[in-house]
Amino acid sequence: MSARSRHWGAAPDRPALALRNLSKVFGDVPAVDGVDLEVRQGEFITLLGPSGSGKTTTLRMIAGFTLQSGGTIEIDGVDMGHVPPYRRDVGMVFQNYALFPHMTAAENIAFPLQMRRVGRPEIKRRVADALGLVKLEGLGQRYPRQLSGGQQQRIAFARAVVFNPRLLLMDEPLGALDKKLREALQLEVMHISRQLGATVVYVTHDQDEALVMSDRIAIFSRGRIEQLGTGEDLYERPASLFVADFIGESNILRGRFEPAGDGGWLVRDPWRWQVGAAAAARASLEGGSAAALVVRPERLRIVGVDAGPGLATGVNAVDAIVRDVLYLGSMRKFELVLPDGNAAVVRQQRGGGGHEGRAGDRVRLTWAVDDGVLVADPHG
Amino acid sequence: MTRGSGRRPRGGPIVDRWALLAIPLIAFLVAFFLVPLIVVSLRSVADFPKPTGDIFSNYGRFFASAANLRVLANTFWVAALSTVVCLALGYPYAYLMNIVRPRVAGLLLIAVLLPFWSSLLVRTYAWQVILRDTGIINTFLLDWGLITEPIPLIRTTLGVMLGMSQVLLPFMVLPIYAVMRRIDPEYTKAAANLGAPPFAAFRRVFLPLSLPGVLAGSLLVFVLALGFYITPALLGSPKDTMISQFIANAVQQRLDWGIGATMAVILMGLTLVVLFVASRFIRLRDVFGSLEES
């Protein structure tokens, strides 16, 4: 065992986990379809996607519960192709915790250490440390059924990290908890993982959870990674309509892209909207192809239709009709209808001095050219 | 019935009217089970070949005879042995049922239930045909020259075990299978994930979680085996005699109803003791409820 380092963050030069062209076919249905992913040592990465997008199957292949149909999995540079789960040295927190009901919390935590033939005094010490880590000292003698959901979740976490695994996998570990507890545990899981320097692969379908906890997020759709990046990357610079739609709220204007200089225009008669140079470069679309401009709700401003003759340079505009104004405390949310019948959303900070729209009003929405993100429109 | 009582109007009858349908069965049980039970119990303290002053003289007679005590001990021994045999055969079988696809599990279930669908007597005679000195096994082995003399199969404890475990196996398999099916497969996966090779995962996680089924099945088989009569009579030697045979002998041949009733009461009392002791460890509801579940 000493030949191989057993500490978090060892060998920082090579990725803790590398998936190459990983795929899984159930019957003739591809569940995972060519996933490439490298996770750095100590990184917290989240696989985010709707149910059935392949994120959980990917996690189960990393754990070794499901054998891949193609591609490779490397953990710490070692190919895991035919390594059984019990030799992968990977900790996992299950969706329903999977705490052994016939063992106390302390016995559950001791289990992976016993399997590694750790000496009795050391097991005792490390179990106590792990219970301390999750702030459940004194509950070691309780059985899982005597613990609350949140406590069970912490014990499952302690059990998964007590043996310093090379990788920590979590499969929607907070899904069964109520909102308040979930938010508290999100921060706790994140802080403890950082404190341990653990490399974490976290699966969730909750985008807020992903944005709060992760260093990077991999958006899954139909068995593939649609986009990989930091939360900010995904929110500010979505690479596809799917990502724009999945992460946060988006306003989507469809049209045809026409290049002009470094940037270009998105044209939809009678409207046309300017596309910034950076956005055009990222999308790298051909002239005339179907495209969409994505603008986040807080980037839009509402002005009166008669706000003045011309627009300032670097500002785009579209007309809309206010359908609803929702008061959300710190902000106001406008729901509008665009000329093409699509819905639009605007969020206005309170005291931002925006237009006082009322339901039924015709208004004009404006935004800075650089706030628009250009993506291909596969349905266009 | 809970649904019915939920809709019961205020001030309506306490007992749901549908519950009245249970009356025929209750009447049947009272007439043909409870009453005879009381009669047998009374006869054990009131029916003597020679009148004595002591109402427990039948019990005195029973415990005075070494042969009776030997048969009683043997009854428990044979029941325990059948339980062990059924457990050794039944646990792996239930485990197999639990890991195969549902279709195959269904076929395995039918296979284990098959003995239920033929009469006990026919089955026991069939075992005689197979096991006796001129039976299928011995004839086959003799013809092939593998043995020179018939090996004793019938009139042995082995014969009794074969006959009894065939009948009792479903009572072991079903409760174990019912419990195994309720064990979340994630537990075994979690054990593997935490570093347990397959056998360690089985021994430390799956086996302990399946123990309630093992206890339930063992209790059922043991209690049922205590009352066996035809199979040990036809397949066993005199030393495999069980107390039910003694009861039959007493009543049918010696017409000594008093001692027959006494032995029946003793057997029932001891069975209740077994159930009581077992109830300290497991919920009997689970034992008898587990049968209907698979």
# chains A, B, ... in the order shown; residues from 1 in each chain; ligands from 1
$ select_by_dssp --residues "segment 28-269 of chain B" --states "alpha helix (DSSP H)" --output "PyMOL selection string"
chain B and resi 28-29+35-46+57-64+66-99+102-113+120-131+136-143+157-181+185-193+198-201+207-226+230-235+243-252+257-269
$ interface_residues --of "chain A" --to "chain B" --cutoff "8 Å" --atoms "only C-alpha atoms" --output "mmCIF file with all heavy atoms, in the first residue's frame"
data_model
loop_
_atom_site.group_PDB
_atom_site.id
_atom_site.type_symbol
_atom_site.label_atom_id
_atom_site.label_comp_id
_atom_site.auth_asym_id
_atom_site.auth_seq_id
_atom_site.Cartn_x
_atom_site.Cartn_y
_atom_site.Cartn_z
ATOM 1 N N ALA A 63 -17.066 4.399 -10.435
ATOM 2 C CA ALA A 63 -17.023 3.591 -9.214
ATOM 3 C C ALA A 63 -16.791 2.120 -9.524
ATOM 4 O O ALA A 63 -16.346 1.368 -8.658
ATOM 5 C CB ALA A 63 -18.335 3.760 -8.435
ATOM 6 N N PHE A 65 -19.291 0.040 -10.704
ATOM 7 C CA PHE A 65 -20.525 -0.741 -10.571
ATOM 8 C C PHE A 65 -21.065 -1.135 -11.937
ATOM 9 O O PHE A 65 -21.804 -2.091 -12.072
ATOM 10 C CB PHE A 65 -21.610 0.045 -9.832
ATOM 11 C CG PHE A 65 -21.200 0.476 -8.466
ATOM 12 C CD1 PHE A 65 -21.661 1.664 -7.937
ATOM 13 C CD2 PHE A 65 -20.338 -0.311 -7.707
ATOM 14 C CE1 PHE A 65 -21.274 2.069 -6.669
ATOM 15 C CE2 PHE A 65 -19.960 0.091 -6.447
ATOM 16 C CZ PHE A 65 -20.425 1.292 -5.932
ATOM 17 N N PRO A 85 -14.652 -2.888 -8.291
ATOM 18 C CA PRO A 85 -14.915 -1.700 -7.461
ATOM 19 C C PRO A 85 -14.147 -1.715 -6.143
ATOM 20 O O PRO A 85 -13.689 -0.661 -5.702
ATOM 21 C CB PRO A 85 -16.423 -1.744 -7.213
ATOM 22 C CG PRO A 85 -16.949 -2.947 -7.899
ATOM 23 C CD PRO A 85 -15.885 -3.532 -8.749
ATOM 24 N N TYR A 86 -13.973 -2.909 -5.541
ATOM 25 C CA TYR A 86 -13.351 -2.935 -4.214
ATOM 26 C C TYR A 86 -11.853 -2.692 -4.270
ATOM 27 O O TYR A 86 -11.208 -2.593 -3.235
ATOM 28 C CB TYR A 86 -13.675 -4.240 -3.475
ATOM 29 C CG TYR A 86 -13.318 -5.510 -4.220
ATOM 30 C CD1 TYR A 86 -12.076 -6.106 -4.055
ATOM 31 C CD2 TYR A 86 -14.240 -6.095 -5.076
ATOM 32 C CE1 TYR A 86 -11.768 -7.273 -4.743
ATOM 33 C CE2 TYR A 86 -13.938 -7.250 -5.767
ATOM 34 C CZ TYR A 86 -12.698 -7.838 -5.602
ATOM 35 O OH TYR A 86 -12.387 -8.982 -6.273
ATOM 36 N N ARG A 87 -11.286 -2.624 -5.466
ATOM 37 C CA ARG A 87 -9.862 -2.277 -5.537
ATOM 38 C C ARG A 87 -9.631 -0.911 -6.166
ATOM 39 O O ARG A 87 -8.520 -0.556 -6.496
ATOM 40 C CB ARG A 87 -9.090 -3.348 -6.322
ATOM 41 C CG ARG A 87 -8.884 -4.596 -5.495
ATOM 42 C CD ARG A 87 -7.602 -5.322 -5.905
ATOM 43 N NE ARG A 87 -7.822 -6.746 -5.774
ATOM 44 C CZ ARG A 87 -8.102 -7.538 -6.809
ATOM 45 N NH1 ARG A 87 -8.123 -7.056 -8.036
ATOM 46 N NH2 ARG A 87 -8.326 -8.811 -6.604
ATOM 47 N N ARG A 88 -10.705 -0.129 -6.366
ATOM 48 C CA ARG A 88 -10.514 1.163 -7.031
ATOM 49 C C ARG A 88 -10.125 2.263 -6.060
ATOM 50 O O ARG A 88 -9.663 3.311 -6.466
ATOM 51 C CB ARG A 88 -11.789 1.563 -7.782
ATOM 52 C CG ARG A 88 -12.015 0.653 -8.966
ATOM 53 C CD ARG A 88 -12.949 1.248 -9.987
ATOM 54 N NE ARG A 88 -13.072 0.291 -11.088
ATOM 55 C CZ ARG A 88 -13.657 0.550 -12.243
ATOM 56 N NH1 ARG A 88 -14.184 1.732 -12.457
ATOM 57 N NH2 ARG A 88 -13.721 -0.359 -13.168
ATOM 58 N N ASP A 89 -10.378 2.056 -4.776
ATOM 59 C CA ASP A 89 -10.000 3.037 -3.771
ATOM 60 C C ASP A 89 -10.679 4.383 -4.024
ATOM 61 O O ASP A 89 -10.054 5.423 -4.069
ATOM 62 C CB ASP A 89 -8.473 3.199 -3.756
ATOM 63 C CG ASP A 89 -7.996 3.733 -2.414
ATOM 64 O OD1 ASP A 89 -8.725 3.572 -1.425
ATOM 65 O OD2 ASP A 89 -6.906 4.331 -2.376
ATOM 66 N N VAL A 90 -11.996 4.291 -4.220
ATOM 67 C CA VAL A 90 -12.804 5.454 -4.535
ATOM 68 C C VAL A 90 -13.928 5.496 -3.512
ATOM 69 O O VAL A 90 -14.577 4.483 -3.280
ATOM 70 C CB VAL A 90 -13.378 5.289 -5.964
ATOM 71 C CG1 VAL A 90 -14.582 6.167 -6.160
ATOM 72 C CG2 VAL A 90 -12.312 5.574 -7.005
ATOM 73 N N GLY A 91 -14.139 6.622 -2.850
ATOM 74 C CA GLY A 91 -15.223 6.714 -1.878
ATOM 75 C C GLY A 91 -16.492 7.190 -2.562
ATOM 76 O O GLY A 91 -16.428 7.969 -3.500
ATOM 77 N N MET A 92 -17.630 6.687 -2.099
ATOM 78 C CA MET A 92 -18.871 7.130 -2.739
ATOM 79 C C MET A 92 -19.948 7.416 -1.699
ATOM 80 O O MET A 92 -20.128 6.655 -0.751
ATOM 81 C CB MET A 92 -19.369 6.053 -3.705
ATOM 82 C CG MET A 92 -20.675 6.416 -4.376
ATOM 83 S SD MET A 92 -20.714 5.818 -6.083
ATOM 84 C CE MET A 92 -22.420 6.142 -6.498
ATOM 85 N N PHE A 94 -23.860 7.610 -1.510
ATOM 86 C CA PHE A 94 -24.990 7.194 -2.330
ATOM 87 C C PHE A 94 -26.175 8.119 -2.123
ATOM 88 O O PHE A 94 -26.310 8.772 -1.092
ATOM 89 C CB PHE A 94 -25.399 5.768 -1.972
ATOM 90 C CG PHE A 94 -24.403 4.731 -2.424
ATOM 91 C CD1 PHE A 94 -23.217 4.539 -1.736
ATOM 92 C CD2 PHE A 94 -24.644 3.956 -3.536
ATOM 93 C CE1 PHE A 94 -22.304 3.594 -2.143
ATOM 94 C CE2 PHE A 94 -23.739 3.015 -3.955
ATOM 95 C CZ PHE A 94 -22.557 2.832 -3.260
ATOM 96 N N ALA A 98 -27.137 4.489 1.709
ATOM 97 C CA ALA A 98 -26.710 3.086 1.789
ATOM 98 C C ALA A 98 -25.882 2.814 3.044
ATOM 99 O O ALA A 98 -24.911 2.068 3.016
ATOM 100 C CB ALA A 98 -25.930 2.676 0.537
ATOM 101 N N LEU A 99 -26.276 3.420 4.162
ATOM 102 C CA LEU A 99 -25.632 3.072 5.433
ATOM 103 C C LEU A 99 -26.099 1.684 5.838
ATOM 104 O O LEU A 99 -27.274 1.369 5.717
ATOM 105 C CB LEU A 99 -26.024 4.086 6.518
ATOM 106 C CG LEU A 99 -25.456 5.489 6.363
ATOM 107 C CD1 LEU A 99 -26.048 6.410 7.420
ATOM 108 C CD2 LEU A 99 -23.946 5.476 6.445
ATOM 109 N N PHE A 100 -25.174 0.841 6.302
ATOM 110 C CA PHE A 100 -25.551 -0.518 6.669
ATOM 111 C C PHE A 100 -26.447 -0.463 7.909
ATOM 112 O O PHE A 100 -26.013 0.000 8.963
ATOM 113 C CB PHE A 100 -24.311 -1.366 6.941
ATOM 114 C CG PHE A 100 -23.345 -1.366 5.786
ATOM 115 C CD1 PHE A 100 -22.000 -1.138 5.997
ATOM 116 C CD2 PHE A 100 -23.788 -1.588 4.497
ATOM 117 C CE1 PHE A 100 -21.105 -1.134 4.925
ATOM 118 C CE2 PHE A 100 -22.908 -1.580 3.419
ATOM 119 C CZ PHE A 100 -21.564 -1.355 3.648
ATOM 120 N N HIS A 102 -27.526 -2.627 9.982
ATOM 121 C CA HIS A 102 -27.236 -3.476 11.141
ATOM 122 C C HIS A 102 -25.963 -3.049 11.845
ATOM 123 O O HIS A 102 -25.513 -3.724 12.761
ATOM 124 C CB HIS A 102 -27.143 -4.931 10.707
ATOM 125 C CG HIS A 102 -26.059 -5.171 9.685
ATOM 126 N ND1 HIS A 102 -26.093 -4.597 8.440
ATOM 127 C CD2 HIS A 102 -24.926 -5.906 9.732
ATOM 128 C CE1 HIS A 102 -25.027 -4.980 7.752
ATOM 129 N NE2 HIS A 102 -24.296 -5.768 8.508
ATOM 130 N N PHE A 111 -15.934 0.407 8.778
ATOM 131 C CA PHE A 111 -15.955 -0.682 7.793
ATOM 132 C C PHE A 111 -14.843 -0.577 6.736
ATOM 133 O O PHE A 111 -14.085 -1.538 6.549
ATOM 134 C CB PHE A 111 -17.338 -0.752 7.144
ATOM 135 C CG PHE A 111 -17.532 -1.912 6.220
ATOM 136 C CD1 PHE A 111 -17.884 -3.158 6.691
ATOM 137 C CD2 PHE A 111 -17.341 -1.757 4.845
ATOM 138 C CE1 PHE A 111 -18.057 -4.236 5.837
ATOM 139 C CE2 PHE A 111 -17.512 -2.831 3.985
ATOM 140 C CZ PHE A 111 -17.872 -4.063 4.475
ATOM 141 N N PRO A 112 -14.709 0.559 6.046
ATOM 142 C CA PRO A 112 -13.653 0.612 5.019
ATOM 143 C C PRO A 112 -12.249 0.461 5.615
ATOM 144 O O PRO A 112 -11.357 -0.046 4.934
ATOM 145 C CB PRO A 112 -13.842 1.986 4.378
ATOM 146 C CG PRO A 112 -14.675 2.763 5.327
ATOM 147 C CD PRO A 112 -15.520 1.780 6.058
ATOM 148 N N MET A 115 -11.687 -3.240 6.202
ATOM 149 C CA MET A 115 -11.415 -3.915 4.935
ATOM 150 C C MET A 115 -9.967 -3.690 4.494
ATOM 151 O O MET A 115 -9.410 -4.465 3.747
ATOM 152 C CB MET A 115 -12.366 -3.389 3.844
ATOM 153 C CG MET A 115 -13.788 -3.823 4.046
ATOM 154 S SD MET A 115 -13.967 -5.611 4.004
ATOM 155 C CE MET A 115 -14.732 -5.929 5.580
ATOM 156 N N ARG A 116 -9.374 -2.587 4.972
ATOM 157 C CA ARG A 116 -7.978 -2.294 4.627
ATOM 158 C C ARG A 116 -7.021 -2.767 5.706
ATOM 159 O O ARG A 116 -5.855 -2.401 5.715
ATOM 160 C CB ARG A 116 -7.832 -0.786 4.386
ATOM 161 C CG ARG A 116 -8.400 -0.389 3.040
ATOM 162 C CD ARG A 116 -8.658 1.101 2.934
ATOM 163 N NE ARG A 116 -9.145 1.431 1.595
ATOM 164 C CZ ARG A 116 -10.393 1.203 1.179
ATOM 165 N NH1 ARG A 116 -11.268 0.670 2.010
ATOM 166 N NH2 ARG A 116 -10.758 1.487 -0.045
ATOM 167 N N ALA A 160 -17.282 7.719 3.576
ATOM 168 C CA ALA A 160 -16.685 7.757 2.243
ATOM 169 C C ALA A 160 -15.315 8.441 2.231
ATOM 170 O O ALA A 160 -14.554 8.270 1.284
ATOM 171 C CB ALA A 160 -17.627 8.464 1.265
#
$ residues_around --residues "Glu286 of chain A" --least-positions-apart "6" --cutoff "9 Å" --atoms "only C-alpha atoms" --output "list in words"
Phe257, Glu258 and Pro259 of chain A
$ select_by_dssp --residues "segment 133-362 of chain A" --states "strand (DSSP E)" --output "VMD selection string"
chain A and resid 167 to 171 200 to 204 216 to 221 224 to 229 251 to 260 263 to 268 271 to 275 290 to 295 301 to 304 315 to 327 331 to 337 343 to 349 362
$ residues_around --residues "segment 293-295 of chain A" --least-positions-apart "3" --cutoff "6 Å" --atoms "only C-alpha atoms" --output "mmCIF file with N, CA and C atoms, in the first residue's frame"
data_model
loop_
_atom_site.group_PDB
_atom_site.id
_atom_site.type_symbol
_atom_site.label_atom_id
_atom_site.label_comp_id
_atom_site.auth_asym_id
_atom_site.auth_seq_id
_atom_site.Cartn_x
_atom_site.Cartn_y
_atom_site.Cartn_z
ATOM 1 N N SER A 250 -33.007 32.485 -19.413
ATOM 2 C CA SER A 250 -32.453 33.125 -20.603
ATOM 3 C C SER A 250 -33.559 33.726 -21.437
ATOM 4 N N ASN A 251 -33.177 34.803 -22.136
ATOM 5 C CA ASN A 251 -34.029 35.316 -23.190
ATOM 6 C C ASN A 251 -33.384 34.939 -24.502
ATOM 7 N N ILE A 252 -34.164 34.312 -25.360
ATOM 8 C CA ILE A 252 -33.596 33.768 -26.591
ATOM 9 C C ILE A 252 -34.260 34.430 -27.799
ATOM 10 N N LEU A 253 -33.407 35.063 -28.618
ATOM 11 C CA LEU A 253 -33.888 35.688 -29.847
ATOM 12 C C LEU A 253 -33.322 34.878 -31.005
ATOM 13 N N GLY A 372 -24.892 40.156 -25.136
ATOM 14 C CA GLY A 372 -25.561 39.121 -25.916
ATOM 15 C C GLY A 372 -24.582 38.007 -26.275
ATOM 16 N N VAL A 373 -25.017 36.758 -26.101
ATOM 17 C CA VAL A 373 -24.171 35.612 -26.438
ATOM 18 C C VAL A 373 -24.771 34.918 -27.652
ATOM 19 N N LEU A 374 -23.910 34.672 -28.669
ATOM 20 C CA LEU A 374 -24.391 34.051 -29.896
ATOM 21 C C LEU A 374 -24.179 32.538 -29.822
#
$ residues_around --residues "Phe246 of chain B" --least-positions-apart "3" --cutoff "12 Å" --atoms "only C-alpha atoms" --output "PyMOL selection string"
chain B and resi 62+67-72+74-75+227-230+232-233+238+240-243+249-257+259-264+267
$ atom_distance --atom1 "atom CA of Gly248 of chain A" --atom2 "atom CA of Asp178 of chain A"
21.3 Å
$ closest_residue --among "A:Ala291, A:Ala110, A:Met170, A:Ile247" --to "Trp265 of chain A" --atoms "only C-alpha atoms"
A:Ala291
$ atom_distance --atom1 "atom CA of Val173 of chain B" --atom2 "atom CA of Phe276 of chain B"
22.7 Å
$ residues_around --residues "segment 209-212 of chain A" --least-positions-apart "2" --cutoff "12 Å" --atoms "only C-alpha atoms" --output "number ranges by chain"
A: 44-49, 172-175, 179, 182-191, 201-207, 214-219, 229-235, 246-248
$ residues_around --residues "Arg142 of chain A" --least-positions-apart "3" --cutoff "9 Å" --atoms "only C-alpha atoms" --output "ChimeraX atom specification"
/A:103-106,138-139,145-147
$ atom_distance --atom1 "atom CA of Ala73 of chain B" --atom2 "atom CA of Leu169 of chain B"
22.7 Å
